[in-house]
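Data block for target.cif (mmCIF, C-alpha atoms):
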```
data_model
#
loop_
_atom_site.group_PDB
_atom_site.id
_atom_site.type_symbol
_atom_site.label_atom_id
_atom_site.label_comp_id
_atom_site.auth_asym_id
_atom_site.auth_seq_id
_atom_site.Cartn_x
_atom_site.Cartn_y
_atom_site.Cartn_z
ATOM 1 C CA MET A 1 -18.160 -27.940 19.342
ATOM 2 C CA GLY A 2 -19.959 -25.310 21.390
ATOM 3 C CA ARG A 3 -19.045 -21.647 21.240
ATOM 4 C CA ALA A 4 -18.092 -21.594 24.927
ATOM 5 C CA VAL A 5 -15.696 -24.490 24.431
ATOM 6 C CA ILE A 6 -14.139 -22.794 21.437
ATOM 7 C CA GLN A 7 -13.765 -19.567 23.386
ATOM 8 C CA ALA A 8 -12.172 -21.488 26.263
ATOM 9 C CA LEU A 9 -9.672 -23.062 23.897
ATOM 10 C CA ILE A 10 -8.828 -19.693 22.446
ATOM 11 C CA THR A 11 -8.362 -17.986 25.783
ATOM 12 C CA THR A 12 -6.333 -20.789 27.358
ATOM 13 C CA SER A 13 -3.078 -19.188 28.381
ATOM 14 C CA GLY A 14 0.115 -20.628 27.020
ATOM 15 C CA ASP A 15 3.678 -19.697 26.299
ATOM 16 C CA GLY A 16 2.865 -18.892 22.706
ATOM 17 C CA THR A 17 4.460 -22.034 21.288
ATOM 18 C CA GLU A 18 1.160 -23.902 20.879
ATOM 19 C CA ALA A 19 -0.196 -24.285 17.356
ATOM 20 C CA VAL A 20 -2.357 -21.505 16.006
ATOM 21 C CA ARG A 21 -5.926 -22.763 15.844
ATOM 22 C CA PRO A 22 -8.475 -21.981 13.123
ATOM 23 C CA GLU A 23 -10.760 -20.320 15.676
ATOM 24 C CA GLU A 24 -8.139 -17.659 16.410
ATOM 25 C CA THR A 25 -7.752 -14.223 14.930
ATOM 26 C CA ILE A 26 -4.429 -12.596 14.149
ATOM 27 C CA LEU A 27 -3.494 -8.932 13.850
ATOM 28 C CA ARG A 28 -1.178 -7.120 11.486
ATOM 29 C CA ARG A 29 -0.109 -3.505 11.869
ATOM 30 C CA VAL A 30 -1.052 -1.269 8.928
ATOM 31 C CA LEU A 31 1.022 1.863 8.508
ATOM 32 C CA GLU A 32 -0.349 5.269 7.603
ATOM 33 C CA SER A 33 1.337 5.147 4.190
ATOM 34 C CA ASN A 34 -0.773 2.075 3.383
ATOM 35 C CA MET A 35 -4.005 3.922 4.177
ATOM 36 C CA GLU A 36 -3.586 7.539 3.086
ATOM 37 C CA GLY A 37 -4.971 8.902 -0.149
ATOM 38 C CA ALA A 38 -8.457 9.270 -1.549
ATOM 39 C CA ARG A 39 -9.664 5.874 -0.271
ATOM 40 C CA ARG A 40 -8.853 5.799 3.410
ATOM 41 C CA ASP A 41 -11.443 3.064 3.908
ATOM 42 C CA ARG A 42 -9.435 0.520 1.921
ATOM 43 C CA ILE A 43 -6.223 -1.119 3.036
ATOM 44 C CA SER A 44 -3.531 -1.254 0.385
ATOM 45 C CA PRO A 45 -2.461 -4.764 -0.635
ATOM 46 C CA ARG A 46 1.054 -3.520 0.097
ATOM 47 C CA ALA A 47 0.239 -3.730 3.798
ATOM 48 C CA PHE A 48 0.576 -7.484 3.308
ATOM 49 C CA LYS A 49 3.664 -7.380 1.145
ATOM 50 C CA PRO A 50 6.653 -8.688 3.106
ATOM 51 C CA ARG A 51 9.565 -6.302 3.449
ATOM 52 C CA ALA A 52 12.463 -6.884 1.098
ATOM 53 C CA GLU A 53 14.974 -7.862 3.786
ATOM 54 C CA LYS A 54 13.269 -8.320 7.133
ATOM 55 C CA ASP A 55 10.518 -10.854 6.380
ATOM 56 C CA LYS A 56 12.571 -13.774 5.105
ATOM 57 C CA ASP A 57 10.759 -16.239 7.395
ATOM 58 C CA GLY A 58 7.249 -15.024 6.704
ATOM 59 C CA LEU A 59 4.751 -12.216 7.127
ATOM 60 C CA SER A 60 4.783 -10.921 10.686
ATOM 61 C CA CYS A 61 1.500 -10.915 12.665
ATOM 62 C CA PHE A 62 0.321 -11.145 16.285
ATOM 63 C CA ARG A 63 -2.194 -13.537 17.840
ATOM 64 C CA GLU A 64 -5.136 -11.634 19.289
ATOM 65 C CA LYS A 65 -5.376 -14.060 22.207
ATOM 66 C CA TYR A 66 -2.111 -12.531 23.445
ATOM 67 C CA HIS A 67 -2.319 -8.958 22.153
ATOM 68 C CA ASP A 68 -5.044 -6.355 21.919
ATOM 69 C CA PRO A 69 -5.175 -4.314 18.694
ATOM 70 C CA ALA A 70 -3.984 -1.075 20.336
ATOM 71 C CA SER A 71 -0.811 -2.674 21.653
ATOM 72 C CA VAL A 72 -0.031 -4.096 18.201
ATOM 73 C CA ALA A 73 -0.700 -0.746 16.562
ATOM 74 C CA CYS A 74 1.412 1.221 18.990
ATOM 75 C CA ALA A 75 4.527 -0.913 19.212
ATOM 76 C CA PRO A 76 6.749 0.993 18.556
ATOM 77 C CA PRO A 77 4.796 3.978 19.898
ATOM 78 C CA ASP A 78 6.019 6.697 17.523
ATOM 79 C CA PHE A 79 4.063 5.492 14.484
ATOM 80 C CA VAL A 80 1.548 8.007 13.176
ATOM 81 C CA ARG A 81 -2.107 6.931 13.320
ATOM 82 C CA PRO A 82 -1.468 3.226 12.720
ATOM 83 C CA ARG A 83 -4.310 0.838 12.033
ATOM 84 C CA VAL A 84 -4.570 -2.887 12.527
ATOM 85 C CA ALA A 85 -5.928 -5.523 10.172
ATOM 86 C CA ARG A 86 -7.710 -8.411 11.873
ATOM 87 C CA LEU A 87 -7.644 -11.733 10.006
ATOM 88 C CA ARG A 88 -9.499 -14.948 10.801
ATOM 89 C CA VAL A 89 -7.119 -17.881 10.791
ATOM 90 C CA ARG A 90 -9.785 -20.198 9.416
ATOM 91 C CA GLU A 91 -10.075 -18.019 6.308
ATOM 92 C CA LEU A 92 -6.310 -18.061 5.873
ATOM 93 C CA PHE A 93 -6.332 -21.842 6.057
ATOM 94 C CA GLU A 94 -9.014 -21.885 3.363
ATOM 95 C CA LEU A 95 -6.603 -19.947 1.153
ATOM 96 C CA LYS A 96 -3.993 -22.684 1.764
ATOM 97 C CA LEU A 97 -1.973 -20.349 3.931
ATOM 98 C CA SER A 98 -0.635 -21.443 7.304
ATOM 99 C CA VAL A 99 0.056 -19.522 10.492
ATOM 100 C CA ARG A 100 3.089 -20.551 12.546
ATOM 101 C CA ALA A 101 3.630 -19.570 16.166
ATOM 102 C CA ASP A 102 6.866 -17.609 16.502
ATOM 103 C CA PRO A 103 7.055 -16.545 20.160
ATOM 104 C CA PHE A 104 10.742 -15.729 20.087
ATOM 105 C CA GLU A 105 12.734 -12.539 20.494
ATOM 106 C CA PRO A 106 12.619 -9.801 19.417
ATOM 107 C CA ASN A 107 8.847 -10.045 19.042
ATOM 108 C CA GLY A 108 8.068 -12.339 21.964
ATOM 109 C CA VAL A 109 5.003 -14.304 23.032
ATOM 110 C CA GLY A 110 2.061 -14.011 20.685
ATOM 111 C CA HIS A 111 4.064 -13.312 17.561
ATOM 112 C CA CYS A 112 3.294 -15.490 14.557
ATOM 113 C CA LEU A 113 4.224 -15.795 10.899
ATOM 114 C CA ILE A 114 2.486 -16.583 7.633
ATOM 115 C CA PRO A 115 5.448 -18.522 6.207
ATOM 116 C CA GLU A 116 4.131 -18.734 2.643
ATOM 117 C CA LEU A 117 4.544 -14.963 2.190
ATOM 118 C CA THR A 118 8.219 -14.015 2.409
ATOM 119 C CA SER A 119 10.771 -11.480 1.235
ATOM 120 C CA LEU A 120 11.839 -13.908 -1.475
ATOM 121 C CA ASN A 121 8.435 -14.244 -3.150
ATOM 122 C CA ARG A 122 7.119 -10.742 -2.418
ATOM 123 C CA SER A 123 7.101 -9.819 -6.113
ATOM 124 C CA GLU A 124 5.693 -13.090 -7.458
ATOM 125 C CA SER A 125 2.332 -12.660 -9.168
ATOM 126 C CA TRP A 126 0.601 -15.383 -7.119
ATOM 127 C CA ALA A 127 1.830 -13.731 -3.930
ATOM 128 C CA GLY A 128 0.551 -10.378 -5.172
ATOM 129 C CA ASP A 129 -2.878 -11.937 -5.734
ATOM 130 C CA LEU A 130 -2.856 -13.125 -2.128
ATOM 131 C CA HIS A 131 -1.864 -9.658 -0.887
ATOM 132 C CA VAL A 132 -4.941 -8.264 -2.663
ATOM 133 C CA ARG A 133 -7.286 -10.864 -1.187
ATOM 134 C CA LEU A 134 -5.890 -10.408 2.304
ATOM 135 C CA ALA A 135 -6.286 -6.624 2.086
ATOM 136 C CA HIS A 136 -9.636 -6.346 0.345
ATOM 137 C CA GLU A 137 -11.515 -9.521 1.269
ATOM 138 C CA LEU A 138 -10.273 -10.953 4.535
ATOM 139 C CA SER A 139 -9.192 -7.951 6.594
ATOM 140 C CA GLU A 140 -11.246 -6.157 9.179
ATOM 141 C CA CYS A 141 -9.651 -2.742 9.603
ATOM 142 C CA LEU A 142 -9.374 -1.399 13.165
ATOM 143 C CA GLY A 143 -8.300 2.088 14.171
ATOM 144 C CA PRO A 144 -6.661 4.485 13.581
ATOM 145 C CA PHE A 145 -5.068 4.364 16.998
ATOM 146 C CA ASN A 146 -3.707 7.356 18.810
ATOM 147 C CA CYS A 147 -0.505 5.980 20.197
ATOM 148 C CA GLY A 148 -0.143 8.853 22.616
ATOM 149 C CA ASP A 149 -3.110 7.282 24.388
ATOM 150 C CA GLU A 150 -3.255 3.621 23.484
ATOM 151 C CA LYS A 151 -6.819 3.157 24.680
ATOM 152 C CA SER A 152 -8.360 5.564 22.204
ATOM 153 C CA ALA A 153 -9.242 4.499 18.718
ATOM 154 C CA ALA A 154 -11.037 6.891 16.407
ATOM 155 C CA MET B 1 -9.084 35.990 -21.903
ATOM 156 C CA ASN B 2 -8.422 33.242 -19.457
ATOM 157 C CA ALA B 3 -5.531 30.894 -19.874
ATOM 158 C CA THR B 4 -4.800 27.866 -17.774
ATOM 159 C CA PHE B 5 -1.428 27.720 -16.111
ATOM 160 C CA ASN B 6 -0.201 24.281 -15.282
ATOM 161 C CA GLN B 7 2.705 23.698 -13.027
ATOM 162 C CA GLY B 8 5.376 21.279 -14.071
ATOM 163 C CA TRP B 9 8.636 20.206 -12.538
ATOM 164 C CA THR B 10 12.136 19.269 -13.427
ATOM 165 C CA THR B 11 14.451 16.669 -12.003
ATOM 166 C CA GLY B 12 16.388 19.509 -10.451
ATOM 167 C CA GLY B 13 13.365 20.285 -8.340
ATOM 168 C CA ARG B 14 12.616 23.601 -10.087
ATOM 169 C CA THR B 15 9.163 24.228 -11.442
ATOM 170 C CA TYR B 16 7.986 25.787 -14.670
ATOM 171 C CA ASP B 17 4.619 26.797 -16.088
ATOM 172 C CA TRP B 18 3.043 26.198 -19.425
ATOM 173 C CA ILE B 19 -0.130 27.635 -20.900
ATOM 174 C CA ASP B 20 -2.915 25.467 -22.238
ATOM 175 C CA PRO B 21 -4.405 27.547 -25.092
ATOM 176 C CA SER B 22 -7.446 25.273 -25.422
ATOM 177 C CA SER B 23 -8.714 26.370 -22.027
ATOM 178 C CA ARG B 24 -10.064 29.613 -23.538
ATOM 179 C CA PHE B 25 -12.893 27.540 -25.043
ATOM 180 C CA ALA B 26 -13.783 25.772 -21.792
ATOM 181 C CA SER B 27 -16.950 26.573 -19.861
ATOM 182 C CA PRO B 28 -16.589 27.939 -16.313
ATOM 183 C CA GLN B 29 -17.788 24.593 -14.943
ATOM 184 C CA LEU B 30 -15.195 22.720 -16.943
ATOM 185 C CA ARG B 31 -12.465 25.136 -15.873
ATOM 186 C CA GLU B 32 -13.529 24.653 -12.264
ATOM 187 C CA TRP B 33 -13.338 20.876 -12.671
ATOM 188 C CA GLN B 34 -9.957 21.178 -14.395
ATOM 189 C CA GLN B 35 -8.694 23.270 -11.508
ATOM 190 C CA ARG B 36 -9.861 20.665 -8.974
ATOM 191 C CA GLU B 37 -8.121 17.944 -10.976
ATOM 192 C CA ARG B 38 -4.941 20.006 -11.135
ATOM 193 C CA ASP B 39 -5.114 20.562 -7.389
ATOM 194 C CA ARG B 40 -5.469 16.829 -6.770
ATOM 195 C CA TRP B 41 -2.550 16.066 -9.077
ATOM 196 C CA GLN B 42 -0.548 18.687 -7.237
ATOM 197 C CA VAL B 43 -1.183 16.845 -3.955
ATOM 198 C CA ILE B 44 0.402 13.759 -5.497
ATOM 199 C CA VAL B 45 3.323 15.710 -6.940
ATOM 200 C CA ASP B 46 3.883 17.363 -3.561
ATOM 201 C CA LEU B 47 3.860 13.958 -1.880
ATOM 202 C CA LEU B 48 6.507 12.664 -4.297
ATOM 203 C CA LEU B 49 8.632 15.798 -3.970
ATOM 204 C CA GLY B 50 8.312 15.494 -0.197
ATOM 205 C CA TRP B 51 9.703 11.970 -0.257
ATOM 206 C CA ARG B 52 12.491 13.234 -2.499
ATOM 207 C CA SER B 53 13.541 16.081 -0.236
ATOM 208 C CA ASP B 54 12.853 14.504 3.153
ATOM 209 C CA PRO B 55 12.277 10.758 3.431
ATOM 210 C CA SER B 56 12.481 10.815 7.238
ATOM 211 C CA PRO B 57 8.705 10.373 7.824
ATOM 212 C CA LEU B 58 8.881 7.105 5.901
ATOM 213 C CA LEU B 59 12.013 6.015 7.730
ATOM 214 C CA GLU B 60 10.293 6.736 11.048
ATOM 215 C CA GLU B 61 7.623 4.176 10.205
ATOM 216 C CA GLU B 62 10.356 1.763 9.077
ATOM 217 C CA THR B 63 9.375 2.023 5.415
ATOM 218 C CA PRO B 64 12.308 2.135 3.000
ATOM 219 C CA PRO B 65 11.797 5.346 0.991
ATOM 220 C CA PRO B 66 11.601 5.231 -2.800
ATOM 221 C CA GLU B 67 14.876 5.788 -4.624
ATOM 222 C CA ILE B 68 15.323 9.221 -6.174
ATOM 223 C CA ALA B 69 15.455 7.764 -9.704
ATOM 224 C CA VAL B 70 12.085 6.113 -9.103
ATOM 225 C CA ILE B 71 10.588 9.317 -7.689
ATOM 226 C CA ASP B 72 11.805 11.304 -10.694
ATOM 227 C CA HIS B 73 10.336 8.741 -13.044
ATOM 228 C CA ALA B 74 7.043 8.759 -11.121
ATOM 229 C CA LEU B 75 6.925 12.556 -11.434
ATOM 230 C CA ARG B 76 7.400 12.299 -15.194
ATOM 231 C CA VAL B 77 4.692 9.643 -15.361
ATOM 232 C CA CYS B 78 2.301 11.825 -13.375
ATOM 233 C CA GLU B 79 2.913 14.721 -15.721
ATOM 234 C CA GLY B 80 2.172 12.481 -18.698
ATOM 235 C CA TRP B 81 -0.951 11.047 -17.107
ATOM 236 C CA GLN B 82 -2.212 14.502 -16.245
ATOM 237 C CA ARG B 83 -1.687 15.684 -19.826
ATOM 238 C CA VAL B 84 -3.609 12.765 -21.341
ATOM 239 C CA GLY B 85 -6.420 12.882 -18.794
ATOM 240 C CA GLN B 86 -5.626 9.656 -16.967
ATOM 241 C CA SER B 87 -7.880 9.294 -13.924
ATOM 242 C CA LEU B 88 -6.189 10.242 -10.690
ATOM 243 C CA PRO B 89 -4.751 7.441 -8.622
ATOM 244 C CA ASP B 90 -6.470 7.026 -5.256
ATOM 245 C CA ARG B 91 -3.235 6.219 -3.498
ATOM 246 C CA VAL B 92 0.494 6.633 -4.119
ATOM 247 C CA LEU B 93 2.795 4.764 -1.785
ATOM 248 C CA PRO B 94 6.259 3.279 -1.427
ATOM 249 C CA ASP B 95 6.516 -0.383 -2.365
ATOM 250 C CA GLY B 96 8.790 -1.104 0.593
ATOM 251 C CA ALA B 97 11.840 -1.844 -1.538
ATOM 252 C CA GLY B 98 12.741 1.520 -3.058
ATOM 253 C CA GLY B 99 9.904 1.567 -5.592
ATOM 254 C CA ILE B 100 6.576 3.372 -5.911
ATOM 255 C CA ALA B 101 3.059 2.063 -6.475
ATOM 256 C CA PHE B 102 -0.062 3.823 -7.771
ATOM 257 C CA GLU B 103 -3.458 2.356 -6.865
ATOM 258 C CA TRP B 104 -6.976 2.935 -8.248
ATOM 259 C CA TYR B 105 -10.089 1.781 -6.405
ATOM 260 C CA ARG B 106 -13.218 1.647 -8.578
ATOM 261 C CA GLU B 107 -15.310 -1.024 -6.874
ATOM 262 C CA PRO B 108 -15.545 -3.804 -7.741
ATOM 263 C CA TRP B 109 -12.405 -3.043 -9.719
ATOM 264 C CA PHE B 110 -8.948 -2.500 -8.328
ATOM 265 C CA SER B 111 -5.873 -1.752 -10.383
ATOM 266 C CA ASP B 112 -2.323 -0.701 -9.692
ATOM 267 C CA VAL B 113 0.974 0.123 -11.341
ATOM 268 C CA GLU B 114 4.274 -0.411 -9.600
ATOM 269 C CA PHE B 115 7.677 0.979 -10.560
ATOM 270 C CA GLU B 116 10.325 -1.128 -8.848
ATOM 271 C CA SER B 117 13.775 0.198 -8.074
ATOM 272 C CA ASN B 118 15.390 -2.452 -10.287
ATOM 273 C CA GLY B 119 13.781 -0.920 -13.390
ATOM 274 C CA GLN B 120 10.940 -3.414 -13.609
ATOM 275 C CA GLY B 121 7.353 -2.271 -13.800
ATOM 276 C CA THR B 122 4.136 -4.188 -13.213
ATOM 277 C CA TRP B 123 0.469 -3.380 -13.796
ATOM 278 C CA ARG B 124 -2.446 -5.436 -12.545
ATOM 279 C CA VAL B 125 -6.230 -5.365 -12.736
ATOM 280 C CA TYR B 126 -8.553 -7.125 -10.268
ATOM 281 C CA HIS B 127 -12.308 -7.611 -10.180
ATOM 282 C CA ASP B 128 -13.740 -8.553 -6.782
ATOM 283 C CA SER B 129 -10.165 -9.200 -5.628
ATOM 284 C CA ARG B 130 -9.618 -11.775 -8.384
ATOM 285 C CA PRO B 131 -6.902 -11.188 -11.004
ATOM 286 C CA VAL B 132 -8.236 -10.212 -14.419
ATOM 287 C CA ASP B 133 -5.184 -8.941 -16.261
ATOM 288 C CA ARG B 134 -1.561 -8.089 -15.613
ATOM 289 C CA GLY B 135 1.586 -7.158 -17.451
ATOM 290 C CA GLN B 136 5.200 -6.206 -16.997
ATOM 291 C CA PHE B 137 7.388 -3.529 -18.543
ATOM 292 C CA ARG B 138 10.761 -1.926 -18.073
ATOM 293 C CA TRP B 139 10.803 1.710 -17.102
ATOM 294 C CA LYS B 140 14.571 2.100 -16.819
ATOM 295 C CA PRO B 141 16.819 1.403 -19.810
ATOM 296 C CA GLN B 142 19.196 -1.463 -19.318
ATOM 297 C CA TRP B 143 22.806 -0.504 -20.007
ATOM 298 C CA VAL B 144 24.853 -3.208 -21.603
ATOM 299 C CA GLU B 145 28.595 -3.295 -21.021
ATOM 300 C CA LEU B 146 30.400 -3.710 -24.344
#
```

Could you render the structure from this file as structure tokens?
Amino acid sequence: MGRAVIQALITTSGDGTEAVRPEETILRRVLESNMEGARRDRISPRAFKPRAEKDKDGLSCFREKYHDPASVACAPPDFVRPRVARLRVRELFELKLSVRADPFEPNGVGHCLIPELTSLNRSESWAGDLHVRLAHELSECLGPFNCGDEKSAA
Amino acid sequence: MNATFNQGWTTGGRTYDWIDPSSRFASPQLREWQQRERDRWQVIVDLLLGWRSDPSPLLEEETPPPEIAVIDHALRVCEGWQRVGQSLPDRVLPDGAGGIAFEWYREPWFSDVEFESNGQGTWRVYHDSRPVDRGQFRWKPQWVEL
């Protein structure tokens, strides 16, 4: 399949319920506390650790075909110097992870979940190994974003 | 004669000093290095004490702050590590469920230690993002009702 065709498939507008395709990229917000310290160039694996209560259905991400990185980083806007991790869906599939469209409130169109990583298994050793691979091998780190001016990224 | 003053802490938040008598034999370069190490440890201690006294910055980014018992334990651990010359962690951060994690990045190695709020502890070692070794421990005594 040609690159133009792939790009066309990716950019086809939808209501966010269509299946997430391997050619897509997804974005996950990375908080300052997961970046600060002596190695600001490395994302902590804990950026991919589901929260204890709020991620029961899966790890929350956003499809880049619907959201630009700055809007993901700055929603809500009062976060300090957030970054965004960009992940290629194909590489997630190769890890036997799936990405499920979840365009429902409160997150809306473009939201998606990695359902294998949840609040329930956040402390399992196999899940921890995946958090490390997602952070150190598969993530492209974008930002930090100045949420006072969403367009500017350092 | 020079003596090295190290700052310690107590669970009540007060600080105390102790004197390291061996420092009188250290070269100026070594003393300078020791001072830099102490300064870097102090940054970590200040971070932990900051979470203890005012967790609002964490709450603002929707991160559950570490529990006070975990912070106090982490402070004791830091003091012990500093005394035995443990290499400084590159990052100290909340685990998102009331615990605290310490991370070391020594490419291609990565290792971490996590103190969970339920009294469990975990340590892990990775090489090129692949698990090499791991273990669990309890950092909080379990009280048994008799």

**OP:** Check the smallest atom-to-atom distance from each of B:Gly98, B:Lys140, B:Gln34, B:Trp104 to Gln120 in chain B using only C-alpha atoms, then report the winner.
**Re:**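 Between B:Gly98, B:Lys140, B:Gln34, B:Trp104, the residue approaching Gln120 in chain B most closely is B:Lys140.
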
**OP:** For range 14-29 of chain A, please output as a PyMOL selection string all residues within 10 Å (counting all atoms listed in the file; exclusion window: fewer than 3 positions along the same chain).
**Re:** chain A and resi 6-7+9-11+32+47-48+59-75+82-94+98-104+108-113+139-142

Taking all atoms listed in the file into account, produce a table as a Markdown table in which each residue of chain B with an atom at most 8 Å from an atom of chain A appears once, together with its shortest atom pair and the distance in Å to one decimal, ordered by chain and rising number.
```
| residue | atom | partner | partner_atom | distance |
| --- | --- | --- | --- | --- |
| B:Leu58 | CA | A:Ser33 | CA | 8.0 |
| B:Glu60 | CA | A:Phe79 | CA | 7.2 |
| B:Glu61 | CA | A:Phe79 | CA | 5.7 |
| B:Asp90 | CA | A:Ala38 | CA | 4.8 |
| B:Arg91 | CA | A:Gly37 | CA | 4.6 |
| B:Val92 | CA | A:Gly37 | CA | 7.1 |
| B:Leu93 | CA | A:Ser33 | CA | 6.2 |
| B:Pro94 | CA | A:Ser33 | CA | 7.7 |
| B:Asp95 | CA | A:Arg46 | CA | 6.8 |
| B:Gly96 | CA | A:Arg51 | CA | 6.0 |
| B:Ala97 | CA | A:Ala52 | CA | 5.7 |
| B:Tyr105 | CA | A:Arg39 | CA | 7.4 |
| B:Ser129 | CA | A:Arg133 | CA | 5.5 |
| B:Arg130 | CA | A:Asp129 | CA | 7.2 |
| B:Pro131 | CA | A:Asp129 | CA | 6.7 |
```

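Atom pair CA of Pro115 in chain A / CA of Lys56 in chain A: separated by 8.6 Å.
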
Contact residues around Ser111 in chain B with only C-alpha atoms at 8 Å, ignoring same-chain residues under 5 positions, as a tab-separated table (two decimals) with C-alpha atoms, in the frame of the given file:
```tsv
chain	number	residue	atom	x	y	z
B	103	GLU	CA	-3.46	2.36	-6.86
B	104	TRP	CA	-6.98	2.94	-8.25
B	105	TYR	CA	-10.09	1.78	-6.40
B	123	TRP	CA	0.47	-3.38	-13.80
B	124	ARG	CA	-2.45	-5.44	-12.54
B	125	VAL	CA	-6.23	-5.36	-12.74
B	126	TYR	CA	-8.55	-7.12	-10.27
```

Subject >> d(CA of Asp128 in chain B, CA of Pro108 in chain B) in Å >> reply: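 Atom-to-atom, CA of Asp128 in chain B and CA of Pro108 in chain B are spaced 5.2 Å apart.
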
Quick one: 4 Å padding each side, axis-aligned, all listed atoms of range 46-53 of chain B - centre and edge lengths in Å to one decimal, as lines of an AutoDock Vina configuration file?
```
center_x = 8.7
center_y = 14.7
center_z = -2.2
size_x = 17.7
size_y = 13.4
size_z = 12.1
```

Subject >> Residue contacts of Trp41 in chain B (12 Å, only C-alpha atoms) excluding same-chain residues fewer than 6 positions away, as a VMD selection string >> reply: (chain A and resid 37 to 38) or (chain B and resid 6 to 8 34 to 35 47 to 48 75 77 to 83 85 to 92)

Residues from last step as file, C-alpha atoms, as a compact mmCIF listing (two decimals), keeping the file's coordinate frame:
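Result file follows (result.txt):
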```
# COMPACT_ATOMS: atom_id res chain seq x y z
CA GLY A 37 -4.97 8.90 -0.15
CA ALA A 38 -8.46 9.27 -1.55
CA ASN B 6 -0.20 24.28 -15.28
CA GLN B 7 2.70 23.70 -13.03
CA GLY B 8 5.38 21.28 -14.07
CA GLN B 34 -9.96 21.18 -14.40
CA GLN B 35 -8.69 23.27 -11.51
CA LEU B 47 3.86 13.96 -1.88
CA LEU B 48 6.51 12.66 -4.30
CA LEU B 75 6.92 12.56 -11.43
CA VAL B 77 4.69 9.64 -15.36
CA CYS B 78 2.30 11.82 -13.38
CA GLU B 79 2.91 14.72 -15.72
CA GLY B 80 2.17 12.48 -18.70
CA TRP B 81 -0.95 11.05 -17.11
CA GLN B 82 -2.21 14.50 -16.24
CA ARG B 83 -1.69 15.68 -19.83
CA GLY B 85 -6.42 12.88 -18.79
CA GLN B 86 -5.63 9.66 -16.97
CA SER B 87 -7.88 9.29 -13.92
CA LEU B 88 -6.19 10.24 -10.69
CA PRO B 89 -4.75 7.44 -8.62
CA ASP B 90 -6.47 7.03 -5.26
CA ARG B 91 -3.24 6.22 -3.50
CA VAL B 92 0.49 6.63 -4.12
```

Subject >> For Gly50 in chain B: contacts at 12 Å, only C-alpha atoms, fewer than 6 positions along chain excluded, given as a ChimeraX atom specification >> reply: /B:13,42-44,56-58,65-66,68,71-72,75

Write a file of the just-selected residues containing C-alpha atoms, as an mmCIF file, keeping the file's coordinate frame.
```cif
data_model
loop_
_atom_site.group_PDB
_atom_site.id
_atom_site.type_symbol
_atom_site.label_atom_id
_atom_site.label_comp_id
_atom_site.auth_asym_id
_atom_site.auth_seq_id
_atom_site.Cartn_x
_atom_site.Cartn_y
_atom_site.Cartn_z
ATOM 1 C CA GLY B 13 13.365 20.285 -8.340
ATOM 2 C CA GLN B 42 -0.548 18.687 -7.237
ATOM 3 C CA VAL B 43 -1.183 16.845 -3.955
ATOM 4 C CA ILE B 44 0.402 13.759 -5.497
ATOM 5 C CA SER B 56 12.481 10.815 7.238
ATOM 6 C CA PRO B 57 8.705 10.373 7.824
ATOM 7 C CA LEU B 58 8.881 7.105 5.901
ATOM 8 C CA PRO B 65 11.797 5.346 0.991
ATOM 9 C CA PRO B 66 11.601 5.231 -2.800
ATOM 10 C CA ILE B 68 15.323 9.221 -6.174
ATOM 11 C CA ILE B 71 10.588 9.317 -7.689
ATOM 12 C CA ASP B 72 11.805 11.304 -10.694
ATOM 13 C CA LEU B 75 6.925 12.556 -11.434
#
```

Subject >> Distance of CA of Ala74 in chain B from CA of Glu124 in chain A, expressed in Å to one decimal place >> reply: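 A separation of 22.2 Å between them.
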
Original post:
Which residue out of B:Arg134, B:Glu62, B:Asp112, B:Ala69 has the minimum interatomic distance to Leu49 in chain B when only C-alpha atoms are used?
Top reply: B:Ala69
